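A.B. asks: Sharing final.cif below, mmCIF, C-alpha atoms:
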data_data
#
loop_
_atom_site.label_atom_id
_atom_site.label_comp_id
_atom_site.auth_asym_id
_atom_site.auth_seq_id
_atom_site.Cartn_x
_atom_site.Cartn_y
_atom_site.Cartn_z
CA MET A 1 -17.72 -2.19 -23.41
CA PRO A 2 -15.98 -4.11 -20.59
CA ALA A 3 -13.50 -2.24 -18.45
CA VAL A 4 -9.83 -1.99 -19.36
CA TRP A 5 -7.78 -3.84 -16.77
CA LEU A 6 -5.18 -1.70 -14.99
CA ASP A 7 -2.15 -3.99 -14.84
CA GLY A 8 -0.38 -3.46 -11.51
CA LYS A 9 2.37 -5.89 -12.44
CA ALA A 10 3.29 -3.89 -15.55
CA CYS A 11 3.15 -0.61 -13.62
CA ALA A 12 5.37 -2.08 -10.89
CA ALA A 13 7.84 -3.35 -13.50
CA ASP A 14 8.17 0.15 -14.98
CA LEU A 15 8.71 1.61 -11.52
CA GLU A 16 11.36 -1.00 -10.74
CA GLU A 17 13.30 -0.04 -13.89
CA ASN A 18 13.31 3.57 -12.71
CA LEU A 19 14.45 2.48 -9.24
CA LYS A 20 17.35 0.50 -10.73
CA GLN A 21 18.63 3.69 -12.37
CA ARG A 22 18.35 5.61 -9.10
CA ILE A 23 20.10 2.84 -7.18
CA SER A 24 22.94 2.78 -9.72
CA ILE A 25 23.86 6.38 -8.89
CA CYS A 26 23.11 6.25 -5.17
CA LYS A 27 26.20 6.86 -3.03
CA THR A 28 25.41 3.83 -0.89
CA GLN A 29 23.52 0.57 -1.39
CA PRO A 30 19.97 0.96 -0.04
CA HIS A 31 19.41 -1.39 2.89
CA LEU A 32 16.06 -2.64 4.21
CA ALA A 33 15.45 -4.51 7.48
CA VAL A 34 12.31 -6.66 7.68
CA ILE A 35 11.01 -7.89 11.05
CA ILE A 36 8.51 -10.76 11.16
CA VAL A 37 7.17 -12.26 14.38
CA GLY A 38 5.52 -15.68 14.32
CA ASP A 39 4.59 -18.08 11.52
CA ASP A 40 1.52 -16.54 9.90
CA PRO A 41 1.49 -18.16 6.41
CA ALA A 42 0.33 -15.05 4.56
CA SER A 43 2.94 -12.89 6.31
CA LEU A 44 5.69 -15.32 5.37
CA VAL A 45 4.65 -15.10 1.72
CA TYR A 46 4.51 -11.29 1.82
CA VAL A 47 7.98 -11.08 3.40
CA ARG A 48 9.39 -13.50 0.85
CA ASN A 49 8.00 -11.36 -2.00
CA LYS A 50 9.63 -8.27 -0.50
CA ILE A 51 12.99 -10.00 -0.12
CA LEU A 52 12.82 -11.22 -3.74
CA CYS A 53 12.05 -7.70 -4.92
CA CYS A 54 15.09 -6.41 -3.01
CA GLU A 55 17.22 -9.01 -4.77
CA ARG A 56 15.91 -7.98 -8.21
CA LEU A 57 16.71 -4.33 -7.60
CA GLY A 58 20.03 -4.64 -5.80
CA ILE A 59 18.71 -3.50 -2.42
CA LYS A 60 20.39 -5.14 0.55
CA SER A 61 17.91 -6.85 2.88
CA THR A 62 18.25 -8.13 6.43
CA GLN A 63 15.50 -10.30 7.89
CA PHE A 64 14.70 -10.73 11.57
CA LYS A 65 12.48 -13.80 11.96
CA LEU A 66 11.35 -13.98 15.57
CA PRO A 67 9.23 -16.52 17.49
CA THR A 68 5.61 -15.80 18.37
CA GLU A 69 6.43 -15.43 22.07
CA THR A 70 8.88 -12.57 21.45
CA LYS A 71 8.43 -9.88 24.11
CA GLN A 72 7.68 -6.22 23.49
CA THR A 73 10.96 -5.20 25.15
CA GLU A 74 12.92 -7.51 22.88
CA LEU A 75 11.45 -5.89 19.79
CA GLU A 76 12.08 -2.45 21.24
CA ASP A 77 15.76 -3.31 21.72
CA ILE A 78 16.02 -4.48 18.10
CA LEU A 79 14.41 -1.26 16.85
CA LYS A 80 16.78 0.89 18.90
CA GLY A 81 19.74 -0.83 17.30
CA LEU A 82 18.31 -0.49 13.80
CA ASN A 83 17.59 3.21 14.33
CA GLU A 84 21.22 3.75 15.29
CA ASP A 85 22.63 1.75 12.35
CA ALA A 86 23.85 4.32 9.82
CA THR A 87 24.13 1.65 7.10
CA LEU A 88 20.39 0.91 7.31
CA HIS A 89 17.81 3.01 5.46
CA GLY A 90 14.47 1.26 5.97
CA ILE A 91 12.73 -0.63 8.78
CA LEU A 92 9.60 -2.68 8.15
CA ILE A 93 7.54 -4.51 10.78
CA GLN A 94 5.40 -7.08 9.01
CA SER A 95 1.75 -7.01 10.08
CA PRO A 96 -0.08 -8.54 11.78
CA LEU A 97 1.88 -8.96 14.99
CA PRO A 98 0.83 -11.41 17.73
CA SER A 99 -1.89 -9.92 19.94
CA HIS A 100 0.35 -9.42 22.98
CA LEU A 101 2.52 -6.91 21.08
CA ASP A 102 1.66 -3.21 20.75
CA GLU A 103 2.22 -2.53 17.07
CA GLY A 104 1.39 1.16 17.34
CA SER A 105 4.02 1.94 19.95
CA LEU A 106 6.60 -0.06 18.01
CA THR A 107 5.85 1.90 14.86
CA ASP A 108 6.22 5.14 16.83
CA MET A 109 9.74 4.03 17.82
CA ILE A 110 10.99 3.82 14.25
CA GLU A 111 13.06 6.78 13.09
CA PRO A 112 10.70 8.63 10.70
CA THR A 113 13.31 8.75 7.92
CA LYS A 114 13.57 4.94 8.12
CA ASP A 115 9.82 4.36 8.38
CA VAL A 116 9.41 2.95 4.86
CA ASP A 117 5.85 1.81 5.62
CA GLY A 118 4.97 5.49 6.13
CA PHE A 119 2.94 4.82 9.28
CA HIS A 120 4.84 6.99 11.79
CA PRO A 121 2.74 9.96 12.99
CA VAL A 122 5.39 12.34 11.66
CA ASN A 123 5.08 10.92 8.15
CA LEU A 124 1.29 10.80 8.21
CA GLY A 125 1.27 14.38 9.53
CA LYS A 126 3.39 15.58 6.63
CA ILE A 127 0.73 14.35 4.21
CA VAL A 128 -1.82 16.55 5.99
CA GLN A 129 0.54 19.48 5.40
CA GLY A 130 0.79 18.61 1.70
CA ARG A 131 4.46 17.61 1.99
CA LEU A 132 4.54 14.59 -0.30
CA ASN A 133 8.29 14.12 -0.74
CA GLY A 134 8.79 11.82 2.26
CA MET A 135 7.66 8.40 3.42
CA ILE A 136 4.10 7.91 2.14
CA PRO A 137 2.14 4.74 3.02
CA CYS A 138 2.88 2.23 0.29
CA THR A 139 -0.61 1.16 -0.75
CA PRO A 140 -2.07 4.68 -1.21
CA ALA A 141 1.15 5.75 -2.93
CA GLY A 142 0.87 2.72 -5.21
CA VAL A 143 -2.70 3.63 -6.13
CA MET A 144 -1.61 7.16 -7.04
CA GLU A 145 1.24 5.81 -9.17
CA MET A 146 -1.14 3.43 -10.97
CA LEU A 147 -3.53 6.28 -11.75
CA ARG A 148 -0.67 8.46 -13.03
CA TRP A 149 0.80 5.59 -15.09
CA SER A 150 -2.55 4.88 -16.74
CA GLY A 151 -3.12 8.54 -17.59
CA VAL A 152 -6.24 9.04 -15.47
CA ASP A 153 -7.07 12.74 -15.14
CA LEU A 154 -7.76 13.50 -11.47
CA ALA A 155 -8.01 17.29 -11.39
CA GLY A 156 -11.52 18.41 -10.49
CA LYS A 157 -12.86 14.86 -10.55
CA LYS A 158 -15.08 13.42 -7.82
CA ALA A 159 -13.21 10.68 -5.95
CA VAL A 160 -14.83 8.41 -3.38
CA VAL A 161 -12.71 6.34 -0.99
CA ILE A 162 -14.45 3.47 0.81
CA GLY A 163 -12.72 2.97 4.16
CA ARG A 164 -10.98 5.29 6.61
CA SER A 165 -8.07 3.24 7.99
CA PHE A 166 -4.96 5.18 9.03
CA ASN A 167 -2.76 3.21 6.64
CA VAL A 168 -4.93 3.22 3.49
CA GLY A 169 -8.26 5.07 3.44
CA MET A 170 -7.38 8.32 5.20
CA PRO A 171 -3.99 8.89 3.52
CA GLN A 172 -5.55 7.91 0.20
CA ALA A 173 -8.15 10.64 0.57
CA LEU A 174 -5.49 13.20 1.51
CA LEU A 175 -3.32 12.29 -1.48
CA LEU A 176 -6.24 12.63 -3.89
CA ALA A 177 -7.18 16.03 -2.45
CA ALA A 178 -3.60 17.37 -2.34
CA LYS A 179 -2.70 20.52 -4.24
CA GLY A 180 -1.55 19.52 -7.70
CA ILE A 181 -3.80 16.44 -7.74
CA ASP A 182 -6.97 18.39 -6.97
CA SER A 183 -9.71 15.79 -6.76
CA THR A 184 -12.83 16.47 -4.73
CA VAL A 185 -12.92 13.67 -2.18
CA THR A 186 -15.61 11.92 -0.16
CA ILE A 187 -14.86 9.18 2.38
CA VAL A 188 -17.48 6.46 2.76
CA HIS A 189 -17.44 4.45 5.99
CA SER A 190 -19.64 2.24 8.17
CA LYS A 191 -21.79 5.16 9.38
CA THR A 192 -22.36 6.76 5.97
CA PRO A 193 -26.18 6.89 5.54
CA GLN A 194 -26.38 6.11 1.79
CA PRO A 195 -23.05 4.67 0.66
CA ILE A 196 -24.36 3.51 -2.71
CA LEU A 197 -25.48 7.03 -3.64
CA GLU A 198 -22.09 8.43 -2.66
CA CYS A 199 -20.29 5.83 -4.75
CA LEU A 200 -22.56 6.44 -7.74
CA SER A 201 -21.35 10.05 -7.81
CA ALA A 202 -17.70 9.02 -8.17
CA ASP A 203 -15.54 9.47 -11.24
CA ILE A 204 -12.83 7.58 -9.35
CA LEU A 205 -13.87 4.94 -6.83
CA ILE A 206 -11.30 3.36 -4.50
CA ALA A 207 -12.47 0.42 -2.41
CA ALA A 208 -10.46 -0.25 0.75
CA ALA A 209 -13.01 -1.63 3.20
CA GLY A 210 -11.79 -5.20 3.62
CA ARG A 211 -15.20 -6.68 2.74
CA PRO A 212 -15.18 -9.23 -0.10
CA GLU A 213 -16.97 -8.09 -3.26
CA MET A 214 -19.13 -5.54 -1.44
CA VAL A 215 -19.01 -3.10 -4.37
CA THR A 216 -21.26 -4.37 -7.15
CA LYS A 217 -22.08 -2.78 -10.50
CA ASP A 218 -25.13 -0.99 -9.09
CA TRP A 219 -22.72 1.04 -6.91
CA VAL A 220 -20.69 2.33 -9.87
CA LYS A 221 -21.35 5.17 -12.30
CA PRO A 222 -20.90 4.08 -15.93
CA GLY A 223 -17.39 4.98 -17.09
CA ALA A 224 -15.92 5.37 -13.60
CA VAL A 225 -12.38 4.33 -12.77
CA VAL A 226 -12.42 1.67 -10.03
CA ILE A 227 -9.39 0.72 -7.94
CA ASP A 228 -9.74 -2.37 -5.75
CA VAL A 229 -7.42 -2.27 -2.73
CA GLY A 230 -9.04 -5.21 -0.95
CA ILE A 231 -7.53 -8.68 -0.83
CA ASN A 232 -9.61 -11.28 0.99
CA ARG A 233 -9.64 -15.06 1.23
CA VAL A 234 -13.09 -16.47 0.50
CA SER A 235 -14.29 -20.05 0.54
CA ASP A 236 -14.36 -21.77 -2.86
CA THR A 237 -15.07 -25.50 -2.89
CA THR A 238 -14.37 -25.69 -6.63
CA ARG A 239 -10.69 -25.13 -5.94
CA GLU A 240 -8.35 -27.74 -4.59
CA ARG A 241 -7.13 -25.48 -1.79
CA GLY A 242 -10.72 -24.63 -0.83
CA TRP A 243 -10.41 -20.84 -1.18
CA ARG A 244 -9.70 -18.03 -3.61
CA LEU A 245 -8.60 -14.42 -3.41
CA ALA A 246 -11.27 -11.77 -3.83
CA GLY A 247 -11.15 -8.01 -3.77
CA ASP A 248 -13.63 -5.57 -2.30
CA VAL A 249 -15.09 -5.12 -5.80
CA HIS A 250 -17.35 -7.70 -7.45
CA PRO A 251 -16.23 -8.85 -10.92
CA ASN A 252 -19.50 -7.61 -12.45
CA VAL A 253 -18.26 -4.01 -11.95
CA SER A 254 -16.18 -4.57 -15.10
CA GLU A 255 -19.46 -4.33 -17.04
CA VAL A 256 -19.84 -0.61 -16.20
CA ALA A 257 -16.39 0.74 -15.24
CA SER A 258 -14.02 2.21 -17.84
CA ILE A 259 -10.85 1.13 -16.01
CA MET A 260 -10.60 -1.39 -13.19
CA SER A 261 -7.72 -2.92 -11.23
CA PRO A 262 -7.72 -6.71 -10.79
CA VAL A 263 -7.23 -8.81 -7.65
CA PRO A 264 -4.68 -10.28 -7.60
CA GLY A 265 -2.25 -8.44 -9.87
CA GLY A 266 -3.43 -4.89 -9.27
CA VAL A 267 -2.60 -2.85 -6.19
CA GLY A 268 -0.62 -5.67 -4.52
CA PRO A 269 2.49 -5.50 -6.74
CA MET A 270 2.44 -1.71 -6.48
CA THR A 271 2.47 -1.83 -2.68
CA VAL A 272 5.72 -3.80 -2.75
CA ALA A 273 7.20 -1.54 -5.43
CA MET A 274 6.42 1.58 -3.39
CA LEU A 275 8.09 0.01 -0.35
CA MET A 276 11.23 -0.29 -2.45
CA ALA A 277 10.80 3.30 -3.65
CA ASN A 278 10.59 4.55 -0.06
CA THR A 279 13.75 2.61 0.82
CA VAL A 280 15.63 4.18 -2.09
CA THR A 281 14.31 7.64 -1.20
CA SER A 282 15.56 7.16 2.36
CA ALA A 283 19.02 6.12 1.14
CA GLU A 284 19.18 9.11 -1.18
CA SER A 285 18.10 11.58 1.50
CA GLN A 286 20.67 10.28 4.00
CA HIS A 287 23.62 10.31 1.63
CA TYR A 288 23.22 13.37 -0.61
#
Starting from the file, give its structure as structure tokens.
C.D. replies:
Amino acid sequence: MPAVWLDGKACAADLEENLKQRISICKTQPHLAVIIVGDDPASLVYVRNKILCCERLGIKSTQFKLPTETKQTELEDILKGLNEDATLHGILIQSPLPSHLDEGSLTDMIEPTKDVDGFHPVNLGKIVQGRLNGMIPCTPAGVMEMLRWSGVDLAGKKAVVIGRSFNVGMPQALLLAAKGIDSTVTIVHSKTPQPILECLSADILIAAAGRPEMVTKDWVKPGAVVIDVGINRVSDTTRERGWRLAGDVHPNVSEVASIMSPVPGGVGPMTVAMLMANTVTSAESQHY
């Protein structure tokens, strides 16, 4: 039987309803600042989606749209002011930044309680300690919420994560292995000798490599749960715009998987929803 599609939009909608209830009893209106530098078309779309989500939920948003030639010191001054603003609960720097800017050092400047992306070393370090009540990177957190929402049993299951990035692959592996979740986790990366064999052992396979449709059905154990984190533009001359979106997982995986997330409409909506959840959590923690 073909795989059941794991609907990220429906999962995100349920999460948003829960967030609305939390916001209604929050002592202050959650407030998110979004910084975007330059005119990257994809980034502009992503920021717009985040602002629209804020509007749906009743989260205040402030956008800083800066020119490409913005200097590092100018961004640092903005971040200092936002850190000191007691009415602000979340700070997001939209990636990618222009090449002359040091994104890592800018992220390190953000007050950890306002780091709603979850990329500050303090927040990533807490995950290593098993402290999962703070700012967790939005995409891995969204994957975990999708698995919970769909009723996937993770305890004792073999999970394989393809990719070891600091913002997705590594925190994803830590979340799956955390006490109370209790998966047995393997990370597959570019130096893994036999990646297909590792993936074939997985009950839960999470692809976050950034390589279009690299995971085909011969990589997947029959009945496995497959989550596709990748979102890539690939050439498609049959479409008027000349391209389409593709995940890291080939569509033929649906022939063998039991559950599979689509691209688009899978992890993407959950990433935005978890950003909102982190913003609300920050507001709650600062005002209770």
A.B. asks: Give me the residues near A:Gly180 as an mmCIF file with C-alpha atoms, keeping the file's coordinate frame, where near means some atom within 12 Å (using all atoms listed in the file) and where sequence neighbours in that chain fewer than 3 positions away do not count.
C.D. replies:
data_model
loop_
_atom_site.group_PDB
_atom_site.id
_atom_site.type_symbol
_atom_site.label_atom_id
_atom_site.label_comp_id
_atom_site.auth_asym_id
_atom_site.auth_seq_id
_atom_site.Cartn_x
_atom_site.Cartn_y
_atom_site.Cartn_z
ATOM 1 C CA GLY A 130 0.790 18.610 1.700
ATOM 2 C CA ARG A 131 4.460 17.610 1.990
ATOM 3 C CA LEU A 132 4.540 14.590 -0.300
ATOM 4 C CA ASP A 153 -7.070 12.740 -15.140
ATOM 5 C CA LEU A 154 -7.760 13.500 -11.470
ATOM 6 C CA ALA A 155 -8.010 17.290 -11.390
ATOM 7 C CA GLY A 156 -11.520 18.410 -10.490
ATOM 8 C CA LEU A 174 -5.490 13.200 1.510
ATOM 9 C CA LEU A 175 -3.320 12.290 -1.480
ATOM 10 C CA LEU A 176 -6.240 12.630 -3.890
ATOM 11 C CA ALA A 177 -7.180 16.030 -2.450
ATOM 12 C CA SER A 183 -9.710 15.790 -6.760
#
A.B. asks: Determine the residue membership of the PyMOL selection byres ((chain A and resi 254) around 9) for the file above and supply it as a list in words.
C.D. replies: Met1, Pro2, Ala3, Val4, Trp5, Lys217, Val226, His250, Pro251, Asn252, Val253, Glu255, Val256, Ala257, Ser258, Ile259 and Met260 of chain A
A.B. asks: Mind giving me the straight-line distance from atom CA of A:Pro193 to atom CA of A:Asn167 in Å, one decimal?
C.D. replies: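 For atom CA of A:Pro193 relative to atom CA of A:Asn167, the distance reads 23.7 Å.
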A.B. asks: State, in Å with one decimal place, the distance from atom CA of A:Pro137 to atom CA of A:Ala208.
C.D. replies: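 One can read the atom CA of A:Pro137 to atom CA of A:Ala208 distance as 13.7 Å.
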A.B. asks: Written as a PyMOL selection string, what is the full residue list that the PyMOL selection byres ((chain A and resi 269-281) around 7) yields on the file shown?
C.D. replies: chain A and resi 8-9+12+16+19+23+30+32+50+89-90+116-117+135+138-139+141-142+265-268+282-285
